[in-house]
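Structure data (PDB, C-alpha atoms) from input_29.pdb:
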```pdb
ATOM      1  CA  MET A   1      98.650 126.574 100.431
ATOM      2  CA  LEU A   2      95.000 127.545 100.488
ATOM      3  CA  ASP A   3      93.628 130.681  98.895
ATOM      4  CA  ALA A   4      90.998 132.870 100.579
ATOM      5  CA  ASP A   5      88.186 130.618  99.287
ATOM      6  CA  GLY A   6      89.841 127.380 100.439
ATOM      7  CA  HIS A   7      91.059 126.247  97.018
ATOM      8  CA  ILE A   8      94.470 124.595  96.931
ATOM      9  CA  ARG A   9      97.340 126.552  95.434
ATOM     10  CA  ILE A  10     100.623 124.812  94.746
ATOM     11  CA  ILE A  11     103.670 126.924  95.510
ATOM     12  CA  ASP A  12     107.381 126.347  95.217
ATOM     13  CA  LEU A  13     109.613 128.149  97.652
ATOM     14  CA  GLY A  14     112.758 126.814  96.035
ATOM     15  CA  LEU A  15     114.435 127.622  92.746
ATOM     16  CA  ALA A  16     112.104 128.785  89.997
ATOM     17  CA  GLN A  17     113.284 128.195  86.450
ATOM     18  CA  ASP A  18     111.299 129.245  83.373
ATOM     19  CA  GLY A  19     111.006 126.992  80.369
ATOM     20  CA  VAL A  20     111.558 123.644  82.086
ATOM     21  CA  THR A  21     109.504 120.864  80.520
ATOM     22  CA  ALA A  22     109.661 117.094  80.436
ATOM     23  CA  SER A  23     112.025 117.330  77.444
ATOM     24  CA  ASN A  24     113.879 120.595  78.216
ATOM     25  CA  LYS A  25     116.476 119.880  80.900
ATOM     26  CA  ILE A  26     118.524 122.109  83.205
ATOM     27  CA  ARG A  27     121.325 121.689  85.757
ATOM     28  CA  GLY A  28     121.845 123.080  89.229
ATOM     29  CA  VAL A  29     121.418 122.142  92.871
ATOM     30  CA  THR A  30     119.053 124.241  94.931
ATOM     31  CA  GLY A  31     116.411 123.184  97.413
ATOM     32  CA  THR A  32     115.911 120.973 100.416
ATOM     33  CA  LEU A  33     118.104 117.869 100.233
ATOM     34  CA  TYR A  34     115.483 115.476 101.583
ATOM     35  CA  TYR A  35     113.029 116.377  98.788
ATOM     36  CA  MET A  36     115.527 116.331  95.913
ATOM     37  CA  ALA A  37     115.283 113.723  93.195
ATOM     38  CA  PRO A  38     118.236 111.379  92.620
ATOM     39  CA  GLU A  39     119.162 113.070  89.344
ATOM     40  CA  ILE A  40     119.687 116.395  91.126
ATOM     41  CA  LEU A  41     121.827 114.789  93.830
ATOM     42  CA  LEU A  42     123.874 112.987  91.172
ATOM     43  CA  ARG A  43     124.367 116.369  89.442
ATOM     44  CA  LYS A  44     122.763 115.205  86.215
ATOM     45  CA  SER A  45     120.631 117.417  84.020
ATOM     46  CA  TYR A  46     116.975 117.199  84.948
ATOM     47  CA  SER A  47     113.464 118.072  83.862
ATOM     48  CA  THR A  48     110.070 118.553  85.476
ATOM     49  CA  ALA A  49     110.353 114.944  86.639
ATOM     50  CA  VAL A  50     112.059 116.294  89.776
ATOM     51  CA  ASP A  51     108.793 117.999  90.786
ATOM     52  CA  TRP A  52     106.913 114.708  90.544
ATOM     53  CA  TRP A  53     109.581 113.112  92.759
ATOM     54  CA  SER A  54     109.141 115.859  95.360
ATOM     55  CA  LEU A  55     105.376 115.354  95.257
ATOM     56  CA  GLY A  56     106.019 111.674  96.015
ATOM     57  CA  ILE A  57     108.070 112.638  99.077
ATOM     58  CA  VAL A  58     105.324 114.999 100.284
ATOM     59  CA  VAL A  59     102.573 112.390  99.724
ATOM     60  CA  SER A  60     104.653 109.777 101.548
ATOM     61  CA  ARG A  61     105.211 112.088 104.513
ATOM     62  CA  MET A  62     101.517 113.004 104.649
ATOM     63  CA  ALA A  63     100.271 109.414 104.282
ATOM     64  CA  SER A  64     102.725 107.659 106.600
ATOM     65  CA  GLY A  65     104.319 110.388 108.695
ATOM     66  CA  HIS A  66     107.766 109.308 107.540
ATOM     67  CA  HIS A  67     110.259 110.071 104.799
ATOM     68  CA  PRO A  68     110.395 107.136 102.347
ATOM     69  CA  PHE A  69     114.188 106.870 102.574
ATOM     70  CA  SER A  70     116.102 105.936 105.696
ATOM     71  CA  TYR A  71     118.803 108.344 106.635
ATOM     72  CA  GLY A  72     120.671 109.320 109.747
ATOM     73  CA  PRO A  73     121.772 112.692 110.999
ATOM     74  CA  PHE A  74     124.270 113.115 108.185
ATOM     75  CA  ARG A  75     123.572 114.674 104.789
ATOM     76  CA  LYS A  76     125.828 112.138 103.069
ATOM     77  CA  THR A  77     123.704 109.283 104.437
ATOM     78  CA  ALA A  78     120.528 110.940 103.124
ATOM     79  CA  ARG A  79     122.099 111.495  99.720
ATOM     80  CA  THR A  80     123.146 107.839  99.510
ATOM     81  CA  ALA A  81     119.704 106.591 100.592
ATOM     82  CA  ILE A  82     117.892 108.732  98.028
ATOM     83  CA  THR A  83     120.230 107.873  95.150
ATOM     84  CA  THR A  84     120.711 104.137  95.786
ATOM     85  CA  HIS A  85     118.004 102.698  98.070
ATOM     86  CA  GLU A  86     114.450 101.790  97.167
ATOM     87  CA  PRO A  87     111.749 103.819  98.936
ATOM     88  CA  ASN A  88     110.330 102.371 102.121
ATOM     89  CA  ILE A  89     106.593 102.345 101.455
ATOM     90  CA  PRO A  90     104.716 100.985 104.493
ATOM     91  CA  SER A  91     102.670  97.860 103.772
ATOM     92  CA  TRP A  92      99.740  99.196 105.795
ATOM     93  CA  LEU A  93      99.081 102.052 103.363
ATOM     94  CA  HIS A  94      96.113 101.707 100.997
ATOM     95  CA  ALA A  95      97.054  99.888  97.783
ATOM     96  CA  ASP A  96      96.330 102.971  95.645
ATOM     97  CA  VAL A  97      98.615 105.139  97.793
ATOM     98  CA  LYS A  98     101.395 102.537  97.614
ATOM     99  CA  HIS A  99     101.038 102.330  93.832
ATOM    100  CA  LEU A 100     101.085 106.137  93.485
ATOM    101  CA  LEU A 101     104.227 106.413  95.638
ATOM    102  CA  ALA A 102     105.993 103.676  93.679
ATOM    103  CA  LYS A 103     105.227 105.526  90.425
ATOM    104  CA  LEU A 104     106.253 108.970  91.745
ATOM    105  CA  LEU A 105     109.416 107.723  93.485
ATOM    106  CA  CYS A 106     110.718 105.866  90.440
ATOM    107  CA  LYS A 107     114.503 106.342  90.124
ATOM    108  CA  LYS A 108     114.261 106.642  86.322
ATOM    109  CA  PRO A 109     112.911 110.140  85.578
ATOM    110  CA  LYS A 110     111.508 109.208  82.153
ATOM    111  CA  LYS A 111     109.384 106.478  83.774
ATOM    112  CA  ARG A 112     108.146 108.644  86.667
ATOM    113  CA  LEU A 113     104.404 109.266  86.824
ATOM    114  CA  GLY A 114     103.704 112.777  85.602
ATOM    115  CA  VAL A 115     106.367 112.446  82.930
ATOM    116  CA  ARG A 116     105.062 109.091  81.711
ATOM    117  CA  GLY A 117     101.324 108.988  82.130
ATOM    118  CA  ASP A 118      98.778 111.431  83.470
ATOM    119  CA  ILE A 119      98.613 111.522  87.263
ATOM    120  CA  ARG A 120      94.952 112.539  87.008
ATOM    121  CA  VAL A 121      93.941 109.073  85.823
ATOM    122  CA  HIS A 122      95.634 107.314  88.742
ATOM    123  CA  PRO A 123      93.094 105.231  90.732
ATOM    124  CA  LEU A 124      93.772 107.239  93.912
ATOM    125  CA  PHE A 125      92.259 110.287  92.211
ATOM    126  CA  SER A 126      89.309 108.513  90.548
ATOM    127  CA  THR A 127      86.720 110.493  92.540
ATOM    128  CA  ILE A 128      88.120 113.894  91.559
ATOM    129  CA  GLY A 129      86.306 115.919  88.924
ATOM    130  CA  TRP A 130      89.392 117.616  87.514
ATOM    131  CA  GLU A 131      87.599 120.092  85.209
ATOM    132  CA  GLU A 132      85.293 121.227  87.992
ATOM    133  CA  LEU A 133      88.254 121.554  90.341
ATOM    134  CA  GLU A 134      90.416 123.502  87.879
ATOM    135  CA  GLU A 135      87.583 125.881  87.039
ATOM    136  CA  ARG A 136      87.010 126.460  90.776
ATOM    137  CA  ARG A 137      83.437 125.162  90.613
ATOM    138  CA  ALA A 138      84.170 122.465  93.186
ATOM    139  CA  ARG A 139      83.328 123.400  96.758
ATOM    140  CA  PRO A 140      86.485 123.329  98.899
ATOM    141  CA  PRO A 141      86.248 121.010 101.943
ATOM    142  CA  PHE A 142      87.629 123.766 104.152
ATOM    143  CA  THR A 143      87.210 127.545 104.093
ATOM    144  CA  PRO A 144      89.634 129.668 106.112
ATOM    145  CA  PHE A 145      88.124 131.757 108.896
ATOM    146  CA  GLN A 146      87.612 135.377 107.894
ATOM    147  CA  ARG A 147      89.549 136.618 110.937
ATOM    148  CA  VAL A 148      92.499 134.446 109.895
ATOM    149  CA  LEU A 149      92.403 136.038 106.458
ATOM    150  CA  GLU A 150      92.331 139.457 108.096
ATOM    151  CA  LYS A 151      95.283 138.429 110.310
ATOM    152  CA  GLN A 152      93.275 139.034 113.478
ATOM    153  CA  HIS A 153      94.616 135.721 114.754
ATOM    154  CA  LEU A 154      97.945 137.412 115.455
ATOM    155  CA  SER A 155      96.527 139.203 118.502
ATOM    156  CA  TRP A 156      94.061 136.948 120.326
ATOM    157  CA  PRO A 157      92.375 138.531 123.353
ATOM    158  CA  LYS A 158      93.947 137.119 126.533
ATOM    159  CA  ASP A 159      90.552 136.135 127.966
ATOM    160  CA  LYS A 160      89.529 134.078 124.897
ATOM    161  CA  ARG A 161      90.708 130.638 123.834
ATOM    162  CA  ALA A 162      92.057 130.703 120.284
ATOM    163  CA  HIS A 163      90.285 128.624 117.647
ATOM    164  CA  HIS A 164      92.704 126.683 115.543
ATOM    165  CA  PRO A 165      92.379 127.862 111.893
ATOM    166  CA  VAL A 166      92.556 124.310 110.480
ATOM    167  CA  ALA A 167      90.402 122.530 113.068
ATOM    168  CA  GLU A 168      87.979 121.254 110.399
ATOM    169  CA  PHE A 169      90.690 120.089 108.032
ATOM    170  CA  SER A 170      90.658 116.354 107.224
ATOM    171  CA  TYR A 171      94.216 115.717 108.445
ATOM    172  CA  MET A 172      95.123 117.114 111.841
ATOM    173  CA  SER A 173      98.603 116.382 113.131
ATOM    174  CA  PRO A 174      98.779 116.157 116.943
ATOM    175  CA  SER A 175     101.547 118.758 116.849
ATOM    176  CA  TRP A 176      99.079 121.306 115.401
ATOM    177  CA  ALA A 177      96.701 121.103 118.375
ATOM    178  CA  ARG A 178      96.778 123.913 120.903
TER     179      ARG A 178
END
```

For this file, produce the structure as C-alpha cells.
Amino acid sequence: MLDADGHIRIIDLGLAQDGVTASNKIRGVTGTLYYMAPEILLRKSYSTAVDWWSLGIVVSRMASGHHPFSYGPFRKTARTAITTHEPNIPSWLHADVKHLLAKLLCKKPKKRLGVRGDIRVHPLFSTIGWEELEERRARPPFTPFQRVLEKQHLSWPKDKRAHHPVAEFSYMSPSWAR
C-alpha cells in the first residue's frame, strides 16, 4: 500500500500474531493457501520465516506474472506443489531476481533469507539507501493524486475521462488500464 505521500507501507490482511520472532514459533493455519509457506501447510510450528516466504511469492508474481509453483484447480494439488516441488523461477529473469527468489523460497525456514541474512544487503537492493528510505527522506517515485486521496475518484463526471491513479507507476499491468 502507499501512504498519502507515496511511501510504501507493508500491510498484512491475514492473521496478526504478536510476539512472533525468528526464534519464537506459533501454530495455526490462516491465510491464502497459495501464499502459505510449506511449514504452515504441513501444520508445523512456524516463525517469521513464513512472511519471507510470502514475500518471495509476491516478488515472483510481480517479476514473472506467475506463481512459482505449478498447481491445477484443486487445493490439494497446490498444497502438494508448495510442500514438495521446487519453485519454477523463469530463466529469463535477471540473475539478482532469480537469486533473491531462490533465497526467499527456500523450503528450510532457518535457511530462508530474512531469517538467515539481511535482505537489505542482497544485490537486488544495492541501490537502495535504507536509512534514507526508513526515515522518509527518500522521494517516492509516485505520489497519489490529491483527488484520489479525497475519494473524488468515486464519482467521476460523466463528460470527463477518468485518469488512472497509478498511471505513472513503474509497473502497469494491462488489466489495470481503462

Need the shell around stretch 74-81 of chain A: protein/DNA/RNA residues with any atom at most 10 Å away, counting all atoms listed in the file. Skip same-chain ones fewer than 6 positions apart. Format as a list in words? Leu33, Tyr34, Met36, Ala37, Pro38, Leu41, Leu42, Pro68 and Pro87 of chain A

Requested write-out: C-alpha atoms of the selected residues, as a PDB file, keeping the file's coordinate frame:
```
ATOM      1  CA  LEU A  33     118.104 117.869 100.233  1.00  0.00           C
ATOM      2  CA  TYR A  34     115.483 115.476 101.583  1.00  0.00           C
ATOM      3  CA  MET A  36     115.527 116.331  95.913  1.00  0.00           C
ATOM      4  CA  ALA A  37     115.283 113.723  93.195  1.00  0.00           C
ATOM      5  CA  PRO A  38     118.236 111.379  92.620  1.00  0.00           C
ATOM      6  CA  LEU A  41     121.827 114.789  93.830  1.00  0.00           C
ATOM      7  CA  LEU A  42     123.874 112.987  91.172  1.00  0.00           C
ATOM      8  CA  PRO A  68     110.395 107.136 102.347  1.00  0.00           C
ATOM      9  CA  PRO A  87     111.749 103.819  98.936  1.00  0.00           C
TER      10      PRO A  87
END
```

- [ ] Compile the contact shell of stretch 123-129 of chain A as a ChimeraX atom specification: residues with an atom at most 9 Å away, counting all atoms listed in the file, same-chain residues fewer than 6 positions apart removed.
- [x] /A:95-97,99-100,138

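The closest residue to A:His94, picked from A:Ser60, A:Thr48, A:Ser70, A:Ser54 and counting all atoms listed in the file, is A:Ser60.
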
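Of note, atom CA of A:Leu133 and atom CA of A:His7 are spaced 8.6 Å apart.
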
So which residues get picked by the PyMOL selection byres ((chain A and resi 112-120) around 10) here, written as an NGL selection string? :A and (21-23 or 47-53 or 56 or 100-111 or 121-126 or 128-130)

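Between atom CA of A:Ile57 and atom CA of A:Arg43 lies a distance of 19.3 Å.
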
So that I can check the surroundings of A:Gly6, please list as a compact mmCIF listing (two decimals) with C-alpha atoms, keeping the file's coordinate frame every protein, DNA and RNA residue that reaches within 8 Å of it, counting all atoms listed in the file and ignoring chain neighbours fewer than 2 positions away.
```txt
# COMPACT_ATOMS: atom_id res chain seq x y z
CA LEU A 2 95.00 127.54 100.49
CA ASP A 3 93.63 130.68 98.90
CA ALA A 4 91.00 132.87 100.58
CA ILE A 8 94.47 124.60 96.93
CA PRO A 140 86.48 123.33 98.90
CA PRO A 141 86.25 121.01 101.94
CA PHE A 142 87.63 123.77 104.15
CA THR A 143 87.21 127.54 104.09
CA PRO A 144 89.63 129.67 106.11
```

Please output stretch 99-122 of chain A, rebuilt to include N, CA, C and O atoms, as a compact mmCIF listing (two decimals), in the frame of the given file.
```
# COMPACT_ATOMS: atom_id res chain seq x y z
N HIS A 99 100.79 102.32 95.27
CA HIS A 99 101.04 102.33 93.83
C HIS A 99 101.45 103.73 93.37
O HIS A 99 102.41 103.88 92.60
N LEU A 100 100.74 104.76 93.85
CA LEU A 100 101.08 106.14 93.48
C LEU A 100 102.51 106.47 93.91
O LEU A 100 103.29 107.03 93.14
N LEU A 101 102.88 106.12 95.15
CA LEU A 101 104.23 106.41 95.64
C LEU A 101 105.29 105.68 94.82
O LEU A 101 106.33 106.26 94.50
N ALA A 102 105.03 104.43 94.49
CA ALA A 102 105.99 103.68 93.68
C ALA A 102 106.19 104.34 92.32
O ALA A 102 107.33 104.40 91.81
N LYS A 103 105.13 104.87 91.74
CA LYS A 103 105.23 105.53 90.42
C LYS A 103 105.89 106.90 90.52
O LYS A 103 106.63 107.29 89.62
N LEU A 104 105.64 107.65 91.59
CA LEU A 104 106.25 108.97 91.74
C LEU A 104 107.71 108.88 92.18
O LEU A 104 108.52 109.74 91.83
N LEU A 105 108.05 107.86 92.95
CA LEU A 105 109.42 107.72 93.48
C LEU A 105 110.25 106.74 92.65
O LEU A 105 111.16 106.10 93.17
N CYS A 106 109.96 106.68 91.38
CA CYS A 106 110.72 105.87 90.44
C CYS A 106 112.06 106.53 90.19
O CYS A 106 112.14 107.74 89.95
N LYS A 107 113.15 105.78 90.29
CA LYS A 107 114.50 106.34 90.12
C LYS A 107 114.76 106.84 88.70
O LYS A 107 115.57 107.74 88.50
N LYS A 108 114.06 106.25 87.72
CA LYS A 108 114.26 106.64 86.32
C LYS A 108 113.28 107.77 85.98
O LYS A 108 112.08 107.53 85.87
N PRO A 109 113.79 108.99 85.81
CA PRO A 109 112.91 110.14 85.58
C PRO A 109 111.94 109.98 84.41
O PRO A 109 110.80 110.40 84.49
N LYS A 110 112.37 109.35 83.32
CA LYS A 110 111.51 109.21 82.15
C LYS A 110 110.34 108.26 82.41
O LYS A 110 109.36 108.27 81.68
N LYS A 111 110.46 107.43 83.44
CA LYS A 111 109.38 106.48 83.77
C LYS A 111 108.52 106.96 84.94
O LYS A 111 107.56 106.31 85.32
N ARG A 112 108.85 108.10 85.51
CA ARG A 112 108.15 108.64 86.67
C ARG A 112 106.76 109.13 86.26
O ARG A 112 106.59 109.77 85.23
N LEU A 113 105.76 108.80 87.09
CA LEU A 113 104.40 109.27 86.82
C LEU A 113 104.40 110.79 86.78
O LEU A 113 105.02 111.44 87.61
N GLY A 114 103.70 111.34 85.83
CA GLY A 114 103.70 112.78 85.60
C GLY A 114 104.51 113.09 84.35
O GLY A 114 104.16 113.98 83.59
N VAL A 115 105.59 112.35 84.16
CA VAL A 115 106.37 112.45 82.93
C VAL A 115 105.84 111.39 81.97
O VAL A 115 105.57 111.66 80.81
N ARG A 116 105.66 110.18 82.49
CA ARG A 116 105.06 109.09 81.71
C ARG A 116 103.70 108.81 82.33
O ARG A 116 103.60 108.28 83.43
N GLY A 117 102.68 109.20 81.64
CA GLY A 117 101.32 108.99 82.13
C GLY A 117 100.78 110.21 82.85
O GLY A 117 101.54 111.04 83.35
N ASP A 118 99.48 110.30 82.86
CA ASP A 118 98.78 111.43 83.47
C ASP A 118 98.39 111.06 84.90
O ASP A 118 97.64 110.12 85.12
N ILE A 119 98.88 111.80 85.85
CA ILE A 119 98.61 111.52 87.26
C ILE A 119 97.12 111.60 87.57
O ILE A 119 96.62 110.95 88.48
N ARG A 120 96.39 112.37 86.77
CA ARG A 120 94.95 112.54 87.01
C ARG A 120 94.16 111.25 86.84
O ARG A 120 93.08 111.12 87.40
N VAL A 121 94.68 110.33 86.05
CA VAL A 121 93.94 109.07 85.82
C VAL A 121 94.36 107.98 86.81
O VAL A 121 93.87 106.86 86.72
N HIS A 122 95.24 108.30 87.74
CA HIS A 122 95.63 107.31 88.74
C HIS A 122 94.42 106.94 89.59
O HIS A 122 93.61 107.81 89.94
```
